[in-house]
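A.B. asks: Have a look at this one before I ask anything.
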Number of protein chains: 4
Amino acid sequence: MKDVHAMAPAHGRLELHRVGVRGVKKPLVVQRPDRSVTLTASFAVAVDLPSTRKGSDLSRNAELLAEVVDWTAQRPVESLESACSTIARELLVRHPYAKDAEVRAEADYFARRGISPTRQSLEDFRLYAEAVARREGPDSISLARTIGAEAVGMTACPCAMETAREKLTKEFPLLADPSLKDLPIVTHNQRNRTRLDLELPEGVDVEVDDILSTIESAQSSPTYAILKRGDEADVVLTAHRHPKFVEDVMRDLLASLPARFPALPDSVGVRVVTVSEESIHKYDVTSSHRTVLGDLRAPPG
Amino acid sequence: MKDVHAMAPAHGRLELHRVGVRGVKKPLVVQRPDRSVTLTASFAVAVDLPSTRKGSDLSRNAELLAEVVDWTAQRPVESLESACSTIARELLVRHPYAKDAEVRAEADYFARRGISPTRQSLEDFRLYAEAVARREGPDSISLARTIGAEAVGMTACPCAMETAREKLTKEFPLLADPSLKDLPIVTHNQRNRTRLDLELPEGVDVEVDDILSTIESAQSSPTYAILKRGDEADVVLTAHRHPKFVEDVMRDLLASLPARFPALPDSVGVRVVTVSEESIHKYDVTSSHRTVLGDLRAPPG
Amino acid sequence: MKDVHAMAPAHGRLELHRVGVRGVKKPLVVQRPDRSVTLTASFAVAVDLPSTRKGSDLSRNAELLAEVVDWTAQRPVESLESACSTIARELLVRHPYAKDAEVRAEADYFARRGISPTRQSLEDFRLYAEAVARREGPDSISLARTIGAEAVGMTACPCAMETAREKLTKEFPLLADPSLKDLPIVTHNQRNRTRLDLELPEGVDVEVDDILSTIESAQSSPTYAILKRGDEADVVLTAHRHPKFVEDVMRDLLASLPARFPALPDSVGVRVVTVSEESIHKYDVTSSHRTVLGDLRAPPG
Amino acid sequence: MKDVHAMAPAHGRLELHRVGVRGVKKPLVVQRPDRSVTLTASFAVAVDLPSTRKGSDLSRNAELLAEVVDWTAQRPVESLESACSTIARELLVRHPYAKDAEVRAEADYFARRGISPTRQSLEDFRLYAEAVARREGPDSISLARTIGAEAVGMTACPCAMETAREKLTKEFPLLADPSLKDLPIVTHNQRNRTRLDLELPEGVDVEVDDILSTIESAQSSPTYAILKRGDEADVVLTAHRHPKFVEDVMRDLLASLPARFPALPDSVGVRVVTVSEESIHKYDVTSSHRTVLGDLRAPPG
């Protein structure tokens with residue numbers, strides 16, 4: 001049968017950066033420290049294409065994804081990221097004409113959380129993983145990996161809290177009493193979505209649960225599925241005692257990374273996006289930042 | 001050329017309820033009291049199909065939509081709903097084999113809002129319209145129409161406010177002072193999306209701006225694009241002085257309809273969905289209700 | 001602590017149809033004939049609210065969902081639908097003021113498919129389930145259940161095929177040769193999404209894999225993740241030998257139900273929506289229909 | 001009133017790359033050569049934040065967007081991109097502490113298309129624009145701009161066409177007749193979405209309609225809203241006479257740019273993403289590439 005993909009293309013001198021498939025959904029069995037979990041993962045995989053070939057052999061991508069999923073049903077992978085790394089390396093084997101291969105995956109992820117030991121349940125988070133394999137020499141492949149996660153929590157605005165305090169003190173003079181100086185004052189609060197991605201060199205690993213707890217600590221308060229009557233007030237009070245702009249979420253998260261991940265090398269890349277779905281506006285407020293861990297350890301004075 | 005659509009289908013006795021197109025986007029010029037505006041509208045149109053025909057003549061739907069859009073470029077329609085009504089009637093002309101025709105449309109809509117006369121801007125809302133034309137006799141077509149809109153506002157939770165007050169009073173005994181009994185207390189607040197649809201008989205009309213203001217009045221507070229420092233506190237205080245569950249938004253909205261729309265007949269259908277995107281949970285809280293205006297005027301005792 | 005939810009609301013005579021939560025994601029372990037699978041399910045649950053209560057006890061919904069998920073981790077449920085039924089019944093226990101309870105759930109679902117025994121992999125489908133529990137008497141609850149699924153397949157247009165044949169025969173007169181009368185001719189083909197929901201009385205069950213294969217048989221061809229060079233042509237030829245409008249997909253599906261589900265009673269409700277994401281248009285073509293199984297067995301003459 | 005945003009943050013040495021708002025919808029009046037059109041645009045705007053400030057003055061963003069929209073109601077802007085440039089420059093005026101400002105916008109866009117002069121209608125496309133203003137010196141601001149668009153068209157697969165021809169020739173030997181060698185043969189065809197972005201230096205402009213026609217020429221065929229019976233076959237035949245992988249769409253588009261935009265300088269950045277929503281798979285096939293115009297004029301030999 002004629003191999004149309006291997007024919008020469010019309011415009012002979014164009015190499016293409018990426019050709020692949022996306023939106024391939026698969027159930028992936030992952031071994032967690034305490035249990036195995038099944039992720040419903042969505043994959044995008046691609047390789048580059050040399051100027052001498054008309055098409056990329058895309059059916060190999062689908063075959064490989066199917067095989068990896070079948071392997072994990074027998075022997076779970078360590079993480080979504082390790083599945084991406086395995087797939088990226090193997091793509092270079094199956095596309096011998098390719099110089100690099102990129103794999104991205106994301107999945108819902110459940111972790112046990114609760115405001116008290118008796119109010120625990122599985123909260124949903126979102127996992128992200130990427131792996132780029134590059135052919136460095138005849139027998140040498142380098143691997144760049146990223147592992148990330150998004151957590152939804154709560155922010156309470158410090159600015160509206162201050163101006164509300166001023167306005168309310170005019171209406172309720174007793175508020176000026178020194179005994180009330182730490183009284184939490186009304187402000188707008190809202191859902192905050194924060195995503196942290198860490199770009200890791202080979203041989204260095206990060207536990208996704210550490211990424212999630214790092215994010216949750218930087219928000220005004222985590223949020224919970226199960227809150228009985230008194231609990232709601234506790235979450236509200238925690239948030240109002242830690243009022244934060246998205247700028248504060250961003251800085252508190254960045255500033256906490258050196259202590260959270262002391263074993264990671266300075267070269268680890270850090271990408272953060274935080275979004276507050278403002279309750280007082282119809283639009284969102286957002287901050288994004290990109291740096292390396294070394295700069296956070298000794299920020300430029 | 002062979003007309004495949006008009007051929008007899010394989011399973012001769014099956015009438016189909018709806019066959020049509022959806023996701024047809026068009027710019028539609030609408031004449032408002034004070035100005036003409038261009039909506040980017042998305043249409044879905046469909047007719048029934050008798051058991052004697054293999055296919056519906058779908059190209060007529062696309063032609064008709066294009067013609068209506070061209071007409072409005074010359075002479076604006078009164079409303080998204082009146083465009084739907086025109087299209088529904090005309091579908092029965094162009095599909096002579098059809099007994100009924102259904103048109104649905106939605107579009108972003110901008111209305112001027114502001115916390116003060118000097119802080120005005122165009123806020124975005126969402127419009128919905130439906131029209132169903134039915135062939136009642138050789139020369140008689142009936143028309144059922146629905147006009148709806150969604151407004152995003154803010155709710156503040158009355159329950160967490162009460163329990164926070166109890167907890168805070170233990171920590172700050174001065175809060176029990178009678179002069180502070182109306183002091184707004186911290187609670188969780190969030191984006192609330194509420195949609196109201198009114199099902200109208202022929203000859204009866206409703207102004208969409210009245211639907212929007214009805215919804216906004218039922219939320220704890222409307223929200224605004226432009227809020228300078230002091231304004232944010234004002235919105236926050238308004239919301240905390242009108243704390244509401246989604247149940248309260250629903251009931252306040254339903255209870256306000258008789259006074260808001262005194263001229264509408266009892267038979268007008270009312271559909272409401274309200275959703276609070278909870279700041280203390282990762283999930284939404286929602287309420288939905290369906291009734292007729294007459295029942296809201298004299299609710300069952 | 002004050003129970004704000006149990007207080008009397010402002011507008012005393014308004015019963016609300018539905019109050020609940022939506023977008024609650026949970027991992028649900030389901031026992032299939034041959035294996036247990038973990039679904040990432042999204043739930044919406046709601047109950048009605050009497051006119052005497054200000055609010056619904058929403059934390060009970062979150063608690064119940066968490067408990068059901070914990071149960072299934074120990075002892076898998078039979079199906080997404082049976083989880084919905086269990087939850088709907090239990091909601092009436094935990095909301096003693098409610099007359100009815102509604103649960104909806106959906107999840108990605110994977111089933112093994114392949115164009116040949118050696119080209120198998122897990123294809124993704126979408127599951128839907130609903131359960132409505134109603135308090136019929138002091139000790140009596142009725143249960144209405146719906147189980148549904150969506151499959152993505154392929155349709156090839158029979159009309160453009162005929163007109164292309166006419167045009168091509170003018171250009172290539174040999175096409176008129178009788179030996180070529182069954183030659184598949186070019187037409188537009190595209191992704192088709194078809195969803196079938198069956199509304200079941202108590203005591204009657206349906207296997208979701210039977211729903212999926214019913215849908216796939218009604219499309220021009222199923223589609224597959226892994227297709228090697230020759231396989232692609234086989235899928236293309238199958239689709240072009242079974243060219244279908246969405247109207248044909250709908251009628252073929254409806255007509256096949258009596259033979260597919262001979263054991264189901266006449267009263268079973270049938271809802272179908274089929275959508276072809278047309279390759280020759282930017283918009284979709286769609287058909288929807290609602291009937292009962294009895295009418296399909298002896299359709300009105 | 002206390003200016004909380006201007007206070008010193010807790011972690012004094014962290015500059016943040018971007019702080020802003022997103023999802024701000026506005027109606028924007030744009031002057032086209034032949035008419036003025038109203039776009040429903042969605043904006044994201046952001047500036048950097050120095051280490052000395054706790055917060056960015058976000059209300060200035062909302063004010064500026066509102067003012068620009070009001071200006072255009074009086075005097076239409078030239079393009080979505082020129083609105084972004086104006087906003088980006090003005091953001092640096094209103095955020096005197098910022099070093100750079102970024103604006104992104106997107107909107108549905110309608111252009112007249114048709115398979116013949118009598119079958120014209122408005123087809124929908126998607127516009128994208130970006131502008132980054134950078135403070136280069138006390139009185140000097142540089143501006144980097146991007147203008148892009150996405151068009152939905154059709155691709156027909158060249159590989160399945162070849163293998164189908166081989167299989168069909170075995171079944172229909174007459175197909176081997178030399179007079180049939182150019183007969184279009186069945187294959188899978190599907191919606192293709194291709195987006196082209198051009199990164200422009202200051203003083204250089206591009207007309208969005210030229211971007212759209214460049215994309216449409218690279219697909220197997222454009223698609224149309226209105227197609228009468230014979231027209232559908234014409235689109236199908238055009239697509240099957242220009243069968244293309246996404247790789248071919250990408251290369252044909254890239255190769256056409258030098259002739260399409262002869263006046264643009266070599267430094268213009270080019271970004272392309274093309275996605276085929278495969279009819280024979282449930283997933284998409286995609287290619288992405290990034291280069292500069294100069295490399296396309298004299299690609300590396």
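Lettering and numbering for the structure tokens are positional, with chains as A, B, ... in the shown order, residues counted from 1 in each chain, and ligands counted from 1 in the shown order.
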Can you pull out the residues contacting Asp295 in chain A? Cut-off 12 Å, using only C-alpha atoms, and skip same-chain residues under 5 positions away; I want them as an mmCIF file with N, CA and C atoms, in the first residue's frame.
C.D. replies:
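Dumped to out-v2.cif:
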data_model
loop_
_atom_site.group_PDB
_atom_site.id
_atom_site.type_symbol
_atom_site.label_atom_id
_atom_site.label_comp_id
_atom_site.auth_asym_id
_atom_site.auth_seq_id
_atom_site.Cartn_x
_atom_site.Cartn_y
_atom_site.Cartn_z
ATOM 1 N N LEU A 254 5.017 32.483 46.120
ATOM 2 C CA LEU A 254 6.417 32.515 45.652
ATOM 3 C C LEU A 254 7.385 32.503 46.836
ATOM 4 N N ALA A 255 7.057 33.308 47.854
ATOM 5 C CA ALA A 255 7.969 33.424 48.999
ATOM 6 C C ALA A 255 8.057 32.123 49.794
ATOM 7 N N LEU A 257 8.067 29.074 48.519
ATOM 8 C CA LEU A 257 8.617 27.938 47.769
ATOM 9 C C LEU A 257 9.975 27.465 48.293
ATOM 10 N N PRO A 258 10.920 28.360 48.629
ATOM 11 C CA PRO A 258 12.214 27.873 49.122
ATOM 12 C C PRO A 258 12.087 26.953 50.345
ATOM 13 N N PRO A 265 16.809 21.942 43.087
ATOM 14 C CA PRO A 265 17.919 22.810 42.664
ATOM 15 C C PRO A 265 17.429 24.207 42.242
ATOM 16 N N ASP A 266 18.350 25.153 42.226
ATOM 17 C CA ASP A 266 18.027 26.538 41.857
ATOM 18 C C ASP A 266 17.446 26.673 40.456
ATOM 19 N N SER A 267 17.766 25.726 39.596
ATOM 20 C CA SER A 267 17.373 25.861 38.190
ATOM 21 C C SER A 267 15.909 25.511 37.929
ATOM 22 N N VAL A 268 15.216 25.019 38.950
ATOM 23 C CA VAL A 268 13.812 24.633 38.744
ATOM 24 C C VAL A 268 12.981 25.850 38.317
ATOM 25 N N GLY A 269 12.254 25.711 37.206
ATOM 26 C CA GLY A 269 11.399 26.796 36.737
ATOM 27 C C GLY A 269 10.101 26.842 37.523
ATOM 28 N N VAL A 270 9.600 28.056 37.736
ATOM 29 C CA VAL A 270 8.387 28.259 38.520
ATOM 30 C C VAL A 270 7.418 29.105 37.689
ATOM 31 N N ARG A 290 6.598 34.260 36.297
ATOM 32 C CA ARG A 290 7.481 33.176 35.878
ATOM 33 C C ARG A 290 8.880 33.483 36.379
ATOM 34 N N PRO A 300 16.750 39.328 43.771
ATOM 35 C CA PRO A 300 17.631 40.456 43.459
ATOM 36 C C PRO A 300 17.331 41.632 44.372
ATOM 37 N N GLY A 301 18.340 42.054 45.103
ATOM 38 C CA GLY A 301 18.149 43.165 46.046
ATOM 39 C C GLY A 301 18.037 44.489 45.336
ATOM 40 N N ARG D 13 10.833 42.162 48.097
ATOM 41 C CA ARG D 13 11.705 42.213 46.946
ATOM 42 C C ARG D 13 11.140 41.498 45.722
ATOM 43 N N LEU D 14 9.839 41.235 45.735
ATOM 44 C CA LEU D 14 9.250 40.493 44.621
ATOM 45 C C LEU D 14 8.530 41.412 43.646
ATOM 46 N N GLU D 15 9.069 41.553 42.454
ATOM 47 C CA GLU D 15 8.328 42.206 41.377
ATOM 48 C C GLU D 15 7.430 41.160 40.724
#
A.B. asks: Taking only C-alpha atoms into account and nothing else, which residues of chain C lie no more than 7 Å away from chain A? Please answer as an mmCIF file with C-alpha atoms, in the first residue's frame.
C.D. replies:
data_model
loop_
_atom_site.group_PDB
_atom_site.id
_atom_site.type_symbol
_atom_site.label_atom_id
_atom_site.label_comp_id
_atom_site.auth_asym_id
_atom_site.auth_seq_id
_atom_site.Cartn_x
_atom_site.Cartn_y
_atom_site.Cartn_z
ATOM 1 C CA LYS C 25 -17.118 15.980 41.441
ATOM 2 C CA THR C 38 -13.453 4.301 38.618
ATOM 3 C CA THR C 40 -14.866 10.734 37.640
ATOM 4 C CA SER C 59 -24.531 20.483 53.924
ATOM 5 C CA ALA C 62 -22.439 17.195 50.482
ATOM 6 C CA GLU C 63 -22.229 14.774 53.410
ATOM 7 C CA ALA C 66 -19.176 11.921 50.407
ATOM 8 C CA SER C 121 -8.150 0.146 22.698
ATOM 9 C CA ASP C 124 -14.241 7.319 25.386
ATOM 10 C CA ALA C 225 -8.616 5.589 18.100
ATOM 11 C CA ILE C 226 -6.218 3.186 16.374
ATOM 12 C CA LEU C 227 -6.428 2.950 12.597
ATOM 13 C CA LYS C 228 -3.442 1.763 10.567
#
A.B. asks: If we count only C-alpha atoms and set the cut-off at 10 Å, which residues sit around Thr214 in chain A, ignoring sequence neighbours fewer than 6 positions away in its own chain? Please answer as a PyMOL selection string.
C.D. replies: chain A and resi 151+196+208+252-254+256-257+260-261
A.B. asks: I'd like the contact shell of Gly20 in chain B - 8 Å cut-off, only C-alpha atoms, skipping same-chain residues fewer than 6 positions apart - returned as a PyMOL selection string.
C.D. replies: (chain B and resi 44-47+56+58+61) or (chain C and resi 285-287)
A.B. asks: Write out as a PyMOL selection string which residues come within 8 Å of range 129-136 of chain A when counting only C-alpha atoms, dropping same-chain ones fewer than 5 positions away.
C.D. replies: chain A and resi 80-81+84-85+88-89+92+99-106+141-148
A.B. asks: Output C-alpha atoms for every residue in that selection, as a CSV table (one decimal), in the first residue's frame.
C.D. replies:
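That gives us out32.csv:
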chain,number,residue,atom,x,y,z
A,80,LEU,CA,0.7,11.5,35.6
A,81,GLU,CA,4.1,13.1,35.0
A,84,CYS,CA,4.1,11.7,30.2
A,85,SER,CA,7.9,11.0,30.5
A,88,ALA,CA,7.7,11.2,25.4
A,89,ARG,CA,10.7,8.9,25.3
A,92,LEU,CA,11.2,9.3,19.8
A,99,LYS,CA,14.1,15.3,16.9
A,100,ASP,CA,11.8,16.1,19.8
A,101,ALA,CA,8.5,14.9,21.3
A,102,GLU,CA,6.1,16.7,23.6
A,103,VAL,CA,3.4,15.2,25.8
A,104,ARG,CA,0.9,17.2,27.9
A,105,ALA,CA,-1.8,15.7,30.1
A,106,GLU,CA,-4.3,16.9,32.6
A,141,ILE,CA,17.7,11.7,24.9
A,142,SER,CA,17.2,14.6,27.3
A,143,LEU,CA,14.0,15.1,29.1
A,144,ALA,CA,12.4,18.3,30.4
A,145,ARG,CA,9.4,17.8,32.7
A,146,THR,CA,6.8,20.0,34.3
A,147,ILE,CA,4.4,19.0,37.0
A,148,GLY,CA,1.6,21.3,38.1
A.B. asks: Please return as a CSV table (one decimal) with C-alpha atoms, in the first residue's frame: the residues of range 12-133 of chain A that backbone DSSP assigns to alpha helix (DSSP H).
C.D. replies:
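Here's the written file result.csv:
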chain,number,residue,atom,x,y,z
A,58,LEU,CA,-0.2,9.7,13.8
A,59,SER,CA,-1.6,6.2,14.3
A,60,ARG,CA,1.6,5.4,16.2
A,61,ASN,CA,0.6,8.1,18.8
A,62,ALA,CA,-2.8,6.5,19.4
A,63,GLU,CA,-1.2,3.0,19.6
A,64,LEU,CA,1.4,4.1,22.1
A,65,LEU,CA,-1.2,5.8,24.3
A,66,ALA,CA,-3.3,2.7,24.2
A,67,GLU,CA,-0.3,0.5,25.2
A,68,VAL,CA,0.8,2.7,28.0
A,69,VAL,CA,-2.8,2.7,29.4
A,70,ASP,CA,-2.8,-1.1,29.1
A,71,TRP,CA,0.5,-1.3,30.9
A,72,THR,CA,-0.7,0.8,33.8
A,73,ALA,CA,-3.8,-1.4,34.2
A,74,GLN,CA,-1.3,-4.2,35.0
A,80,LEU,CA,0.7,11.5,35.6
A,81,GLU,CA,4.1,13.1,35.0
A,82,SER,CA,6.0,9.8,34.9
A,83,ALA,CA,3.4,8.5,32.3
A,84,CYS,CA,4.1,11.7,30.2
A,85,SER,CA,7.9,11.0,30.5
A,86,THR,CA,7.5,7.4,29.4
A,87,ILE,CA,5.4,8.4,26.5
A,88,ALA,CA,7.7,11.2,25.4
A,89,ARG,CA,10.7,8.9,25.3
A,90,GLU,CA,8.9,6.2,23.5
A,91,LEU,CA,7.6,8.7,20.9
A,92,LEU,CA,11.2,9.3,19.8
A,93,VAL,CA,11.6,5.5,19.3
A,94,ARG,CA,8.4,5.2,17.2
